[in-house]
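entry-v9.pdb, holding PDB, C-alpha atoms:
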ATOM      1  CA  MET A 137     -34.688 -11.138  24.038
ATOM      2  CA  LEU A 138     -35.998  -8.269  21.896
ATOM      3  CA  LYS A 139     -32.737  -8.120  19.993
ATOM      4  CA  GLN A 140     -32.988 -11.833  19.244
ATOM      5  CA  THR A 141     -36.556 -11.421  18.037
ATOM      6  CA  ILE A 142     -35.568  -8.602  15.699
ATOM      7  CA  LYS A 143     -32.625 -10.606  14.413
ATOM      8  CA  ALA A 144     -34.856 -13.591  13.687
ATOM      9  CA  ALA A 145     -37.385 -11.271  12.029
ATOM     10  CA  LEU A 146     -34.704  -9.839   9.739
ATOM     11  CA  ILE A 147     -33.501 -13.320   8.779
ATOM     12  CA  TYR A 148     -37.007 -14.400   7.805
ATOM     13  CA  ILE A 149     -37.612 -11.214   5.814
ATOM     14  CA  LEU A 150     -34.261 -11.554   4.040
ATOM     15  CA  ALA A 151     -34.964 -15.207   3.233
ATOM     16  CA  THR A 152     -38.352 -14.185   1.830
ATOM     17  CA  ILE A 153     -36.837 -11.492  -0.390
ATOM     18  CA  LEU A 154     -33.999 -13.784  -1.467
ATOM     19  CA  ILE A 155     -36.276 -16.635  -2.543
ATOM     20  CA  TRP A 156     -38.546 -14.325  -4.453
ATOM     21  CA  SER A 157     -35.630 -12.478  -6.105
ATOM     22  CA  ILE A 158     -34.013 -15.694  -7.300
ATOM     23  CA  ILE A 159     -37.263 -16.944  -8.809
ATOM     24  CA  SER A 160     -37.999 -13.572 -10.427
ATOM     25  CA  PHE A 161     -34.462 -13.399 -11.804
ATOM     26  CA  ILE A 162     -34.675 -16.833 -13.411
ATOM     27  CA  SER A 163     -38.217 -16.394 -14.639
ATOM     28  CA  PRO A 164     -39.985 -13.036 -14.268
ATOM     29  CA  THR A 165     -43.377 -14.527 -15.198
ATOM     30  CA  LYS A 166     -43.106 -17.223 -12.512
ATOM     31  CA  GLY A 167     -41.931 -14.573 -10.066
ATOM     32  CA  MET A 168     -45.076 -12.578 -10.798
ATOM     33  CA  LEU A 169     -47.280 -15.643 -10.262
ATOM     34  CA  VAL A 170     -45.564 -16.468  -6.956
ATOM     35  CA  GLY A 171     -46.001 -12.861  -5.863
ATOM     36  CA  GLU A 172     -49.685 -12.932  -6.765
ATOM     37  CA  VAL A 173     -50.366 -16.041  -4.684
ATOM     38  CA  ALA A 174     -48.347 -14.646  -1.754
ATOM     39  CA  TYR A 175     -50.146 -11.294  -1.905
ATOM     40  CA  GLY A 176     -53.526 -13.027  -2.113
ATOM     41  CA  ALA A 177     -52.732 -15.117   0.961
ATOM     42  CA  PHE A 178     -51.524 -11.999   2.768
ATOM     43  CA  LEU A 179     -54.784 -10.143   2.052
ATOM     44  CA  LYS A 180     -56.803 -13.201   3.019
ATOM     45  CA  ALA A 181     -55.051 -13.442   6.383
ATOM     46  CA  LEU A 182     -54.198  -9.870   7.391
ATOM     47  CA  ALA A 183     -57.345  -8.670   9.190
ATOM     48  CA  ILE A 184     -57.858 -12.046  10.873
ATOM     49  CA  ILE A 185     -54.253 -12.219  12.046
ATOM     50  CA  ILE A 186     -54.338  -8.753  13.581
ATOM     51  CA  ALA A 187     -57.608  -9.591  15.358
ATOM     52  CA  VAL A 188     -56.172 -12.898  16.577
ATOM     53  CA  PHE A 189     -53.019 -11.265  17.951
ATOM     54  CA  ILE A 190     -55.011  -8.637  19.834
ATOM     55  CA  ILE A 191     -57.191 -11.351  21.364
ATOM     56  CA  ILE A 192     -54.166 -13.495  22.301
ATOM     57  CA  GLY A 193     -52.610 -10.411  23.934
ATOM     58  CA  LEU A 194     -55.780  -9.818  25.934
ATOM     59  CA  ILE A 195     -55.989 -13.476  27.010
ATOM     60  CA  GLN A 196     -52.358 -13.388  28.093
ATOM     61  CA  VAL A 197     -52.919 -10.353  30.295
ATOM     62  CA  TRP A 198     -56.362 -11.126  31.704
ATOM     63  CA  VAL A 199     -56.041 -14.873  32.197
ATOM     64  CA  GLY A 200     -52.325 -15.484  31.964
ATOM     65  CA  PRO A 201     -50.551 -18.832  31.748
ATOM     66  CA  GLN A 202     -49.320 -18.391  35.304
ATOM     67  CA  THR A 203     -52.881 -18.149  36.626
ATOM     68  CA  LEU A 204     -53.690 -21.379  34.819
ATOM     69  CA  ALA A 205     -50.607 -23.031  36.287
ATOM     70  CA  LYS A 206     -51.705 -22.020  39.756
ATOM     71  CA  ILE A 207     -55.175 -23.503  39.328
ATOM     72  CA  LEU A 208     -53.883 -26.671  37.732
ATOM     73  CA  GLY A 209     -51.293 -27.170  40.440
ATOM     74  CA  LYS A 210     -54.145 -27.343  42.953
ATOM     75  CA  GLU A 211     -56.417 -29.671  41.001
ATOM     76  CA  SER A 212     -55.514 -33.326  41.030
ATOM     77  CA  GLY A 213     -56.917 -36.640  39.792
ATOM     78  CA  TRP A 214     -59.744 -36.561  37.279
ATOM     79  CA  LYS A 215     -60.419 -32.878  37.738
ATOM     80  CA  GLY A 216     -56.822 -32.045  36.963
ATOM     81  CA  LEU A 217     -56.844 -34.219  33.858
ATOM     82  CA  LEU A 218     -60.123 -32.754  32.616
ATOM     83  CA  PHE A 219     -58.790 -29.264  33.227
ATOM     84  CA  SER A 220     -55.531 -30.038  31.390
ATOM     85  CA  SER A 221     -57.430 -31.468  28.424
ATOM     86  CA  THR A 222     -59.651 -28.431  27.874
ATOM     87  CA  VAL A 223     -58.333 -25.116  29.174
ATOM     88  CA  PRO A 224     -55.002 -25.083  27.242
ATOM     89  CA  ILE A 225     -57.023 -25.094  24.009
ATOM     90  CA  PHE A 226     -57.403 -21.351  24.581
ATOM     91  CA  ILE A 227     -53.732 -20.467  25.091
ATOM     92  CA  GLY A 228     -51.501 -19.098  22.342
ATOM     93  CA  GLY A 229     -47.767 -19.546  21.857
ATOM     94  CA  SER A 230     -45.386 -22.061  20.287
ATOM     95  CA  LEU A 231     -43.584 -25.090  21.770
ATOM     96  CA  PHE A 232     -40.756 -22.772  22.820
ATOM     97  CA  THR A 233     -43.117 -20.899  25.145
ATOM     98  CA  ILE A 234     -45.255 -23.860  26.193
ATOM     99  CA  PHE A 235     -42.421 -26.099  27.471
ATOM    100  CA  PRO A 236     -41.222 -23.632  30.140
ATOM    101  CA  LEU A 237     -44.854 -23.276  31.264
ATOM    102  CA  LEU A 238     -45.109 -27.063  31.434
ATOM    103  CA  LYS A 239     -41.984 -27.103  33.597
ATOM    104  CA  THR A 240     -43.643 -24.685  36.025
ATOM    105  CA  LEU A 241     -46.633 -27.029  36.164
ATOM    106  CA  ARG A 242     -44.332 -29.955  36.920
ATOM    107  CA  GLU A 243     -42.743 -28.002  39.757
ATOM    108  CA  LYS A 244     -46.224 -27.327  41.104
ATOM    109  CA  ARG A 245     -46.653 -31.118  41.223
ATOM    110  CA  ALA A 246     -48.958 -31.637  38.269
ATOM    111  CA  SER A 247     -48.943 -35.315  37.227
ATOM    112  CA  ILE A 248     -47.274 -36.605  34.057
ATOM    113  CA  ALA A 249     -50.727 -37.364  32.652
ATOM    114  CA  CYS A 250     -51.709 -33.732  33.182
ATOM    115  CA  LEU A 251     -48.545 -32.429  31.518
ATOM    116  CA  LEU A 252     -49.019 -34.636  28.462
ATOM    117  CA  ALA A 253     -52.713 -33.769  28.220
ATOM    118  CA  PHE A 254     -51.894 -30.083  28.661
ATOM    119  CA  VAL A 255     -49.442 -29.845  25.776
ATOM    120  CA  THR A 256     -51.674 -31.951  23.509
ATOM    121  CA  ALA A 257     -54.799 -29.896  24.250
ATOM    122  CA  TRP A 258     -52.794 -26.737  23.669
ATOM    123  CA  ALA A 259     -52.547 -27.845  20.013
ATOM    124  CA  GLY A 260     -56.296 -27.148  19.777
ATOM    125  CA  LYS A 261     -55.333 -23.516  19.170
ATOM    126  CA  ALA A 262     -58.761 -21.941  19.600
ATOM    127  CA  PRO A 263     -57.337 -18.394  19.247
ATOM    128  CA  LEU A 264     -56.300 -19.322  15.700
ATOM    129  CA  LEU A 265     -59.721 -20.788  14.849
ATOM    130  CA  PRO A 266     -60.741 -17.890  12.538
ATOM    131  CA  LEU A 267     -57.561 -18.402  10.537
ATOM    132  CA  GLU A 268     -58.105 -22.163  10.368
ATOM    133  CA  ILE A 269     -61.704 -21.752   9.187
ATOM    134  CA  ARG A 270     -60.621 -19.284   6.526
ATOM    135  CA  PHE A 271     -57.944 -21.507   4.999
ATOM    136  CA  LEU A 272     -59.247 -25.025   5.683
ATOM    137  CA  GLY A 273     -62.994 -24.624   6.129
ATOM    138  CA  TRP A 274     -65.156 -24.873   9.230
ATOM    139  CA  LYS A 275     -65.717 -28.634   8.985
ATOM    140  CA  PHE A 276     -62.011 -29.340   9.365
ATOM    141  CA  ALA A 277     -61.644 -26.787  12.154
ATOM    142  CA  VAL A 278     -64.634 -28.008  14.174
ATOM    143  CA  LEU A 279     -63.731 -31.688  13.859
ATOM    144  CA  ARG A 280     -60.117 -30.973  14.798
ATOM    145  CA  ILE A 281     -60.998 -29.022  17.925
ATOM    146  CA  GLY A 282     -63.620 -31.606  18.847
ATOM    147  CA  LEU A 283     -61.098 -34.428  18.599
ATOM    148  CA  ILE A 284     -58.507 -32.564  20.634
ATOM    149  CA  ILE A 285     -60.118 -33.287  24.002
ATOM    150  CA  PRO A 286     -60.290 -37.101  23.656
ATOM    151  CA  LEU A 287     -56.825 -37.025  22.072
ATOM    152  CA  ALA A 288     -55.434 -35.102  25.067
ATOM    153  CA  ILE A 289     -57.043 -37.469  27.598
ATOM    154  CA  VAL A 290     -55.783 -40.615  25.832
ATOM    155  CA  MET A 291     -52.345 -39.027  25.402
ATOM    156  CA  GLY A 292     -52.185 -38.179  29.107
ATOM    157  CA  LEU A 293     -53.310 -41.533  30.465
ATOM    158  CA  LEU A 294     -51.511 -43.754  27.958
ATOM    159  CA  GLY A 295     -48.334 -41.674  28.071
ATOM    160  CA  GLU A 296     -48.210 -41.746  31.861
ATOM    161  CA  PHE A 297     -48.841 -45.508  31.865
ATOM    162  CA  ILE A 298     -45.992 -46.151  29.423
ATOM    163  CA  LEU A 299     -43.598 -43.819  31.231
ATOM    164  CA  GLU A 300     -44.324 -45.424  34.610
ATOM    165  CA  LYS A 301     -43.692 -48.908  33.206
ATOM    166  CA  TRP A 302     -40.471 -47.713  31.633
ATOM    167  CA  GLN A 303     -39.232 -45.929  34.733
ATOM    168  CA  ASN A 304     -39.845 -48.961  36.968
ATOM    169  CA  LYS A 305     -37.862 -51.263  34.743
TER     170      LYS A 305
ATOM    171  CA  MET B 285     -68.656  -7.694   4.706
ATOM    172  CA  ASP B 286     -65.415  -9.618   4.872
ATOM    173  CA  ILE B 287     -65.288 -12.008   7.799
ATOM    174  CA  GLY B 288     -61.836 -10.695   8.730
ATOM    175  CA  ILE B 289     -63.301  -7.224   9.330
ATOM    176  CA  ILE B 290     -65.901  -8.749  11.657
ATOM    177  CA  TYR B 291     -63.179 -10.457  13.711
ATOM    178  CA  LEU B 292     -61.268  -7.203  13.787
ATOM    179  CA  LEU B 293     -64.360  -5.371  15.073
ATOM    180  CA  ILE B 294     -64.809  -7.999  17.794
ATOM    181  CA  ALA B 295     -61.150  -7.673  18.788
ATOM    182  CA  PHE B 296     -61.452  -3.888  19.014
ATOM    183  CA  MET B 297     -64.631  -4.144  21.053
ATOM    184  CA  LEU B 298     -62.859  -6.449  23.516
ATOM    185  CA  LEU B 299     -59.946  -4.047  23.548
ATOM    186  CA  ILE B 300     -62.214  -1.126  24.453
ATOM    187  CA  LEU B 301     -63.908  -3.214  27.131
ATOM    188  CA  SER B 302     -60.497  -4.087  28.545
ATOM    189  CA  ALA B 303     -59.380  -0.432  28.400
ATOM    190  CA  VAL B 304     -62.433   0.664  30.362
ATOM    191  CA  LYS B 305     -61.680  -1.899  33.059
ATOM    192  CA  SER B 306     -57.930  -1.368  33.225
ATOM    193  CA  PRO B 307     -55.923   0.936  30.916
ATOM    194  CA  GLU B 308     -52.709  -0.460  32.399
ATOM    195  CA  LYS B 309     -53.531  -4.077  31.567
ATOM    196  CA  THR B 310     -54.724  -3.084  28.114
ATOM    197  CA  LYS B 311     -51.399  -1.422  27.441
ATOM    198  CA  GLN B 312     -49.683  -4.662  28.440
ATOM    199  CA  ALA B 313     -51.998  -6.644  26.179
ATOM    200  CA  LEU B 314     -51.156  -4.401  23.225
ATOM    201  CA  LYS B 315     -47.483  -4.764  24.008
ATOM    202  CA  ALA B 316     -47.868  -8.548  24.045
ATOM    203  CA  ALA B 317     -49.751  -8.397  20.737
ATOM    204  CA  GLY B 318     -46.955  -6.274  19.265
ATOM    205  CA  LYS B 319     -44.341  -8.757  20.392
ATOM    206  CA  ILE B 320     -46.287 -11.659  18.906
ATOM    207  CA  SER B 321     -46.617  -9.715  15.642
ATOM    208  CA  LEU B 322     -42.889  -9.117  15.523
ATOM    209  CA  THR B 323     -42.239 -12.843  15.991
ATOM    210  CA  VAL B 324     -44.915 -14.217  13.715
ATOM    211  CA  PHE B 325     -45.304 -11.748  10.822
ATOM    212  CA  PRO B 326     -41.820 -12.311   9.345
ATOM    213  CA  VAL B 327     -42.444 -16.081   9.463
ATOM    214  CA  LEU B 328     -45.762 -15.478   7.741
ATOM    215  CA  PHE B 329     -44.105 -13.497   4.943
ATOM    216  CA  LEU B 330     -41.810 -16.429   4.276
ATOM    217  CA  ILE B 331     -44.734 -18.847   4.381
ATOM    218  CA  PHE B 332     -46.757 -16.687   1.963
ATOM    219  CA  ILE B 333     -43.882 -16.791  -0.527
ATOM    220  CA  LEU B 334     -43.511 -20.541   0.002
ATOM    221  CA  MET B 335     -47.244 -20.854  -0.666
ATOM    222  CA  GLY B 336     -46.616 -19.053  -3.952
ATOM    223  CA  VAL B 337     -43.696 -21.352  -4.728
ATOM    224  CA  THR B 338     -45.777 -24.438  -3.954
ATOM    225  CA  SER B 339     -48.651 -23.138  -6.026
ATOM    226  CA  VAL B 340     -46.503 -22.354  -9.066
ATOM    227  CA  PHE B 341     -43.849 -25.070  -9.030
ATOM    228  CA  VAL B 342     -45.457 -28.132  -7.454
ATOM    229  CA  SER B 343     -47.957 -29.909  -9.657
ATOM    230  CA  LYS B 344     -51.418 -30.910  -8.537
ATOM    231  CA  GLU B 345     -50.690 -34.495  -9.547
ATOM    232  CA  MET B 346     -47.689 -34.620  -7.250
ATOM    233  CA  ILE B 347     -49.516 -33.304  -4.192
ATOM    234  CA  ALA B 348     -52.520 -35.481  -4.963
ATOM    235  CA  SER B 349     -50.436 -38.624  -5.260
ATOM    236  CA  TRP B 350     -48.444 -37.898  -2.074
ATOM    237  CA  LEU B 351     -51.106 -36.368   0.125
ATOM    238  CA  GLY B 352     -54.371 -36.936  -1.735
ATOM    239  CA  ARG B 353     -57.238 -39.282  -1.079
ATOM    240  CA  SER B 354     -55.630 -42.192  -2.889
ATOM    241  CA  SER B 355     -52.425 -41.865  -0.840
ATOM    242  CA  GLY B 356     -54.136 -43.578   2.119
ATOM    243  CA  GLY B 357     -52.187 -44.164   5.308
ATOM    244  CA  LEU B 358     -48.911 -43.367   3.595
ATOM    245  CA  GLY B 359     -50.183 -39.854   2.817
ATOM    246  CA  ILE B 360     -50.894 -39.307   6.492
ATOM    247  CA  ILE B 361     -47.380 -40.433   7.413
ATOM    248  CA  ILE B 362     -45.842 -38.133   4.787
ATOM    249  CA  GLY B 363     -47.948 -35.239   6.135
ATOM    250  CA  GLU B 364     -46.845 -36.042   9.676
ATOM    251  CA  LEU B 365     -43.165 -36.280   8.739
ATOM    252  CA  VAL B 366     -43.260 -32.951   6.916
ATOM    253  CA  GLY B 367     -45.039 -31.389   9.895
ATOM    254  CA  SER B 368     -42.472 -32.784  12.341
ATOM    255  CA  PHE B 369     -39.574 -31.269  10.434
ATOM    256  CA  ALA B 370     -41.234 -28.015   9.435
ATOM    257  CA  LEU B 371     -40.034 -25.124  11.557
ATOM    258  CA  ILE B 372     -43.157 -23.079  11.384
ATOM    259  CA  GLN B 373     -45.157 -20.986  13.804
ATOM    260  CA  PRO B 374     -48.616 -22.412  14.515
ATOM    261  CA  ALA B 375     -50.153 -19.277  12.950
ATOM    262  CA  ALA B 376     -48.401 -20.072   9.672
ATOM    263  CA  VAL B 377     -49.445 -23.723   9.592
ATOM    264  CA  PHE B 378     -53.045 -23.124   8.562
ATOM    265  CA  PRO B 379     -52.409 -20.872   5.534
ATOM    266  CA  TYR B 380     -49.816 -23.319   4.235
ATOM    267  CA  ALA B 381     -52.124 -26.288   4.800
ATOM    268  CA  GLY B 382     -54.736 -24.270   2.875
ATOM    269  CA  ILE B 383     -52.610 -24.125  -0.271
ATOM    270  CA  LEU B 384     -51.866 -27.859   0.008
ATOM    271  CA  HIS B 385     -55.602 -28.481   0.196
ATOM    272  CA  GLU B 386     -56.176 -26.392  -2.937
ATOM    273  CA  LYS B 387     -53.564 -28.570  -4.617
ATOM    274  CA  GLY B 388     -55.412 -31.758  -3.753
ATOM    275  CA  ALA B 389     -54.141 -32.844  -0.335
ATOM    276  CA  ASP B 390     -56.914 -34.563   1.596
ATOM    277  CA  TYR B 391     -58.047 -33.663   5.102
ATOM    278  CA  GLY B 392     -56.503 -36.741   6.765
ATOM    279  CA  SER B 393     -52.995 -35.922   5.544
ATOM    280  CA  LEU B 394     -53.531 -32.255   6.356
ATOM    281  CA  PHE B 395     -54.597 -33.124   9.902
ATOM    282  CA  GLY B 396     -51.347 -35.093  10.254
ATOM    283  CA  PHE B 397     -49.343 -32.155   8.913
ATOM    284  CA  VAL B 398     -51.059 -29.488  11.035
ATOM    285  CA  MET B 399     -50.940 -31.432  14.303
ATOM    286  CA  THR B 400     -47.329 -32.554  14.056
ATOM    287  CA  ALA B 401     -46.276 -29.065  12.926
ATOM    288  CA  ILE B 402     -47.722 -27.740  16.175
ATOM    289  CA  LEU B 403     -46.822 -30.603  18.519
ATOM    290  CA  ILE B 404     -43.598 -32.164  17.264
ATOM    291  CA  GLY B 405     -40.595 -30.004  16.613
ATOM    292  CA  ILE B 406     -37.137 -31.188  15.705
ATOM    293  CA  THR B 407     -35.864 -27.776  16.826
ATOM    294  CA  THR B 408     -37.515 -27.970  20.239
ATOM    295  CA  LEU B 409     -36.200 -31.474  21.033
ATOM    296  CA  PRO B 410     -33.091 -30.230  22.893
ATOM    297  CA  LEU B 411     -35.232 -27.937  25.073
ATOM    298  CA  GLU B 412     -37.726 -30.719  25.769
ATOM    299  CA  ILE B 413     -34.977 -33.173  26.738
ATOM    300  CA  LYS B 414     -33.332 -30.561  28.947
ATOM    301  CA  LEU B 415     -36.556 -29.746  30.795
ATOM    302  CA  PHE B 416     -38.225 -33.161  31.027
ATOM    303  CA  GLY B 417     -35.618 -35.817  30.288
ATOM    304  CA  LYS B 418     -35.052 -38.279  27.454
ATOM    305  CA  LYS B 419     -37.735 -40.799  28.341
ATOM    306  CA  PHE B 420     -40.496 -38.200  28.560
ATOM    307  CA  THR B 421     -39.433 -36.696  25.245
ATOM    308  CA  ILE B 422     -39.281 -40.045  23.444
ATOM    309  CA  VAL B 423     -42.655 -41.214  24.768
ATOM    310  CA  ARG B 424     -44.386 -37.890  24.095
ATOM    311  CA  ASN B 425     -43.139 -37.493  20.543
ATOM    312  CA  ILE B 426     -43.640 -41.089  19.420
ATOM    313  CA  LEU B 427     -47.035 -41.461  21.097
ATOM    314  CA  THR B 428     -48.162 -38.124  19.674
ATOM    315  CA  PHE B 429     -47.142 -39.295  16.203
ATOM    316  CA  ILE B 430     -49.095 -42.566  16.561
ATOM    317  CA  LEU B 431     -52.230 -41.035  18.075
ATOM    318  CA  ILE B 432     -52.329 -38.298  15.431
ATOM    319  CA  PHE B 433     -52.125 -41.040  12.793
ATOM    320  CA  ILE B 434     -55.193 -42.747  14.268
ATOM    321  CA  MET B 435     -57.102 -39.461  14.478
ATOM    322  CA  ALA B 436     -56.123 -38.655  10.892
ATOM    323  CA  LEU B 437     -57.760 -41.909   9.802
ATOM    324  CA  ILE B 438     -60.972 -40.639  11.386
ATOM    325  CA  PHE B 439     -60.563 -37.434   9.362
ATOM    326  CA  LYS B 440     -60.166 -39.466   6.187
ATOM    327  CA  PHE B 441     -63.396 -41.332   6.887
ATOM    328  CA  VAL B 442     -65.526 -38.428   8.077
ATOM    329  CA  LEU B 443     -64.507 -35.571   5.763
TER     330      LEU B 443
END
Can you dump the structure from the file as structure tokens?
Amino acid sequence: MLKQTIKAALIYILATILIWSIISFISPTKGMLVGEVAYGAFLKALAIIIAVFIIIGLIQVWVGPQTLAKILGKESGWKGLLFSSTVPIFIGGSLFTIFPLLKTLREKRASIACLLAFVTAWAGKAPLLPLEIRFLGWKFAVLRIGLIIPLAIVMGLLGEFILEKWQNK
Amino acid sequence: MDIGIIYLLIAFMLLILSAVKSPEKTKQALKAAGKISLTVFPVLFLIFILMGVTSVFVSKEMIASWLGRSSGGLGIIIGELVGSFALIQPAAVFPYAGILHEKGADYGSLFGFVMTAILIGITTLPLEIKLFGKKFTIVRNILTFILIFIMALIFKFVL
């Protein structure tokens, strides 16, 4: 697992260096400009990103996806759906980590509506909010997080409805 | 003071609080943070360079006509398609969306891009099918695409 992560990291870093080298080789001035924008973005994001990662680490340890799964497995009906449409907003990770968690939820008998709401609400990405505000402004960030909850509920209910119809065919 | 420093101070305060309560758990949290950094930082480096490339080589007119205010519903769909195919970490989505915004992309298209980049992944399709089956995967991805489109229209009107 760690080896794979390091390998992926090296590939990304190599790709970064390669792209920049090619541009700089063809046109040194353009290479400089690209570097300036990249460095600016790096400075703009660095402190926030480190803070965000520390906070995600703390959430993972103190709350933990497994704890959430346990609670959600117990809640059913409206409570379960409401829970699935709000709480995942605060979890980090990418689809690669969220799908296995979703599978655990399924095994704990969470409904399809809950699963769909869960993954949708997870896109709220509250831990990344500082980063979002910095690059896209607070209006965008606030409206996006505000819309996530209704989006997750509609996704859950409508998705489950469609899937049930399809399965019974 | 830079807002990033304030967030960093908050994070460190939480870290100290956590360390007082349980040094063991805090160690684990730092380990988790380190692992996330190792996964995400290299992706971010690539994205930063791609932001530079976009900024230098893609014209404002092009972004504005594809993703700008006048692009309407089509702009949202373009944003969503790019997001669906982009293989980026959620943490890298926002900085990249930021440069597109500077280049004239409007908030509706950016909402489409950001949301599909997080929620729809061509690379995660095999895993999703394996874990939940074909029907679930098809319904989730297509419905997500449609609902995000509707929400993006709201973004276009409000912002």
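When all atoms listed in the file are used to compute distances to Ala181 of chain A, the closest of the residues B:Phe296, B:Phe329, B:Trp350, B:Tyr391 turns out to be B:Phe329.
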Please report as number ranges by chain which residues of chain B come no farther than 7 Å from chain A, using all atoms listed in the file.
B: 288-289, 291-292, 295, 309, 312-314, 316-317, 320-323, 326-327, 329-330, 332-333, 335-337, 340, 373-375, 378-379, 382, 399, 402-403, 408, 412, 415, 420, 423-424
Quick one: residues within 10 Å of Asn425 of chain B, only C-alpha atoms counted, chain neighbours fewer than 6 positions away excluded, as a VMD selection string?
chain B and resid 368 400 403 to 406 409
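Distance-wise, atom CA of Pro201 of chain A and atom CA of Thr240 of chain A end up 10.0 Å apart.
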Hey, what comes out of the PyMOL selection byres ((chain B and resi 351-358) around 8) on this file? Could you write it as a PyMOL selection string?
chain B and resi 347-350+359-363+388-390+393-394+437+440
Which polymer residues have any atom within 8 Å of an atom of Phe433 of chain B, counting only C-alpha atoms, with same-chain residues fewer than 2 positions away left out, as a PyMOL selection string?
chain B and resi 360-361+364+396+429-431+435-437
Expressed in Å to a single decimal, how great is the separation between atom CA of Ala262 of chain A and atom CA of Phe397 of chain B?
17.5 Å
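From atom CA of Phe219 of chain A back to atom CA of Lys244 of chain A, the distance works out to 15.0 Å.
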